[in-house]
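Engineer: This is the structure, below, for whatever I ask next.
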Amino acid sequence: MEDLLLRPAAMTDSFFLQPPTRGVATRAATGHFSDGKELPGGWRLVPELAAGGLWCSAAHLGKLLVALVRSFRGESGALLDAALTHAMMTPQNGGPCGLGGAVAGSGTSLVLMKRGQNIGYQSYMLVFPQTGQGMVVLTDSDNGTTLATALIRRAAAIYHWPPLGPLHD
């Protein structure tokens, strides 16, 4: 993960591991249940790295979105091949998801969306690859989806994003 994604995407202070080590533990946000109580031990570890092994900041997830936009546009030095990135952002098997996230719209309205949900944390990120507009919201609460949705809807209005339909998982 570090060799193929984190370093090439300039996510130099992000880690893919369980439990968090190398100083990440001292900077990791403490998760909270919906009643506001802190998770025992500060966070919950899951055995599946893909479901909860990435420790990073919103700024670093933003770097990933920028790298995906560059790949989508076929820019030199891009993280991924443009054809692969286009496949990622094409609905598969008649559903709302591409390869790794939900997609909606087309042309300048094409949007890649991904919700993150683990006990004690809620997050959302989205990007319009044609316009380069997007946003990452990370929260340390089981109630974070409400905040993330409100922030995204407000940013969409302020920055005149293409129309957003439902925010898919």
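Lettering and numbering for the structure tokens are positional, with chains as A, B, ... in the shown order, residues counted from 1 in each chain, and ligands counted from 1 in the shown order.
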Just the residues within 12 Å of A:Gly101, please, counting only C-alpha atoms, with nothing from its chain fewer than 5 positions along; format it as a list in words.
Structural biologist: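 Surrounding residues, per the criterion: Thr85, Ala87, Met88, Met89, Thr90, Pro91, Gln92, Gly95, Pro96, Val111, Leu112, Met113, Lys114, Arg115, Gly116, Tyr124, Met125, Leu126, Val127, Leu167, His168 and Asp169 of chain A.
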Engineer: Could you give me, as a list in words, each residue of stretch 90-132 of chain A that DSSP assigns to strand (DSSP E) when run on this structure's backbone?
Structural biologist: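 Filtering stretch 90-132 of chain A down to strand (DSSP E) leaves Ala102, Val103, Ala104, Val111, Leu112, Met113, Lys114, Arg115, Gly116, Gln117, Asn118, Tyr121, Gln122, Ser123, Tyr124, Met125, Leu126, Val127 and Phe128 of chain A.
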Engineer: If I take atom CA of A:Leu45 and atom CA of A:Gly120, how far is one from the other in Å, to one decimal?
Structural biologist: 10.8 Å
Engineer: Of the candidates A:Gln117, A:Asn93, A:Ser71, A:Thr149, which one gets nearest to A:Gly132 if we count only C-alpha atoms?
Structural biologist: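 Nearest to A:Gly132: A:Ser71.
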Engineer: Skipping near chain neighbours, those fewer than 5 positions away, what residues fall within 12 Å of A:Gly77 using only C-alpha atoms, listed as a ChimeraX atom specification?
Structural biologist: /A:8-9,67-68,70-72,82
Engineer: Check the smallest atom-to-atom distance from each of A:Leu110, A:Ala29, A:Ala155, A:Leu164 to A:Asp140 using only C-alpha atoms, then report the winner.
Structural biologist: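 Checking each of A:Leu110, A:Ala29, A:Ala155, A:Leu164 against A:Asp140, counting only C-alpha atoms, the winner is A:Ala29.
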Engineer: By how many Å are atom CA of A:Val69 and atom CA of A:Pro129 apart?
Structural biologist: 4.9 Å
Engineer: For A:Thr131, which of A:Lys37, A:Val103, A:Val66, A:Arg44 is the closest residue, counting only C-alpha atoms?
Structural biologist: A:Val66
Engineer: Pick from A:Ala50, A:Leu79, A:Ile158, A:Ile152: nearest to A:Asp3, with only C-alpha atoms counted?
Structural biologist: A:Leu79
Engineer: How many Å lie between atom CA of A:Gln130 and atom CA of A:Ala59, rounded to one decimal?
Structural biologist: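 Atom CA of A:Ala59 lies 20.3 Å from atom CA of A:Gln130.
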Engineer: Can you tell me which residues surround A:Asp142 at a distance of at most 7 Å, considering only C-alpha atoms, apart from same-chain residues fewer than 2 positions away, and format the answer as a list in words?
Structural biologist: His32, Phe33, Ser34, Ile119, Gly120, Tyr121, Gln122 and Gly144 of chain A
Engineer: Kindly indicate which residue among A:Asn118, A:Arg153, A:Leu39, A:Leu64 lies nearest to A:Ala78, using only C-alpha atoms for the distances.
Structural biologist: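 The closest residue to A:Ala78 is A:Leu64.
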Engineer: With distances taken over only C-alpha atoms, which of A:Leu80, A:Leu99, A:Val136, A:Leu49 is nearest to A:Lys63?
Structural biologist: A:Val136
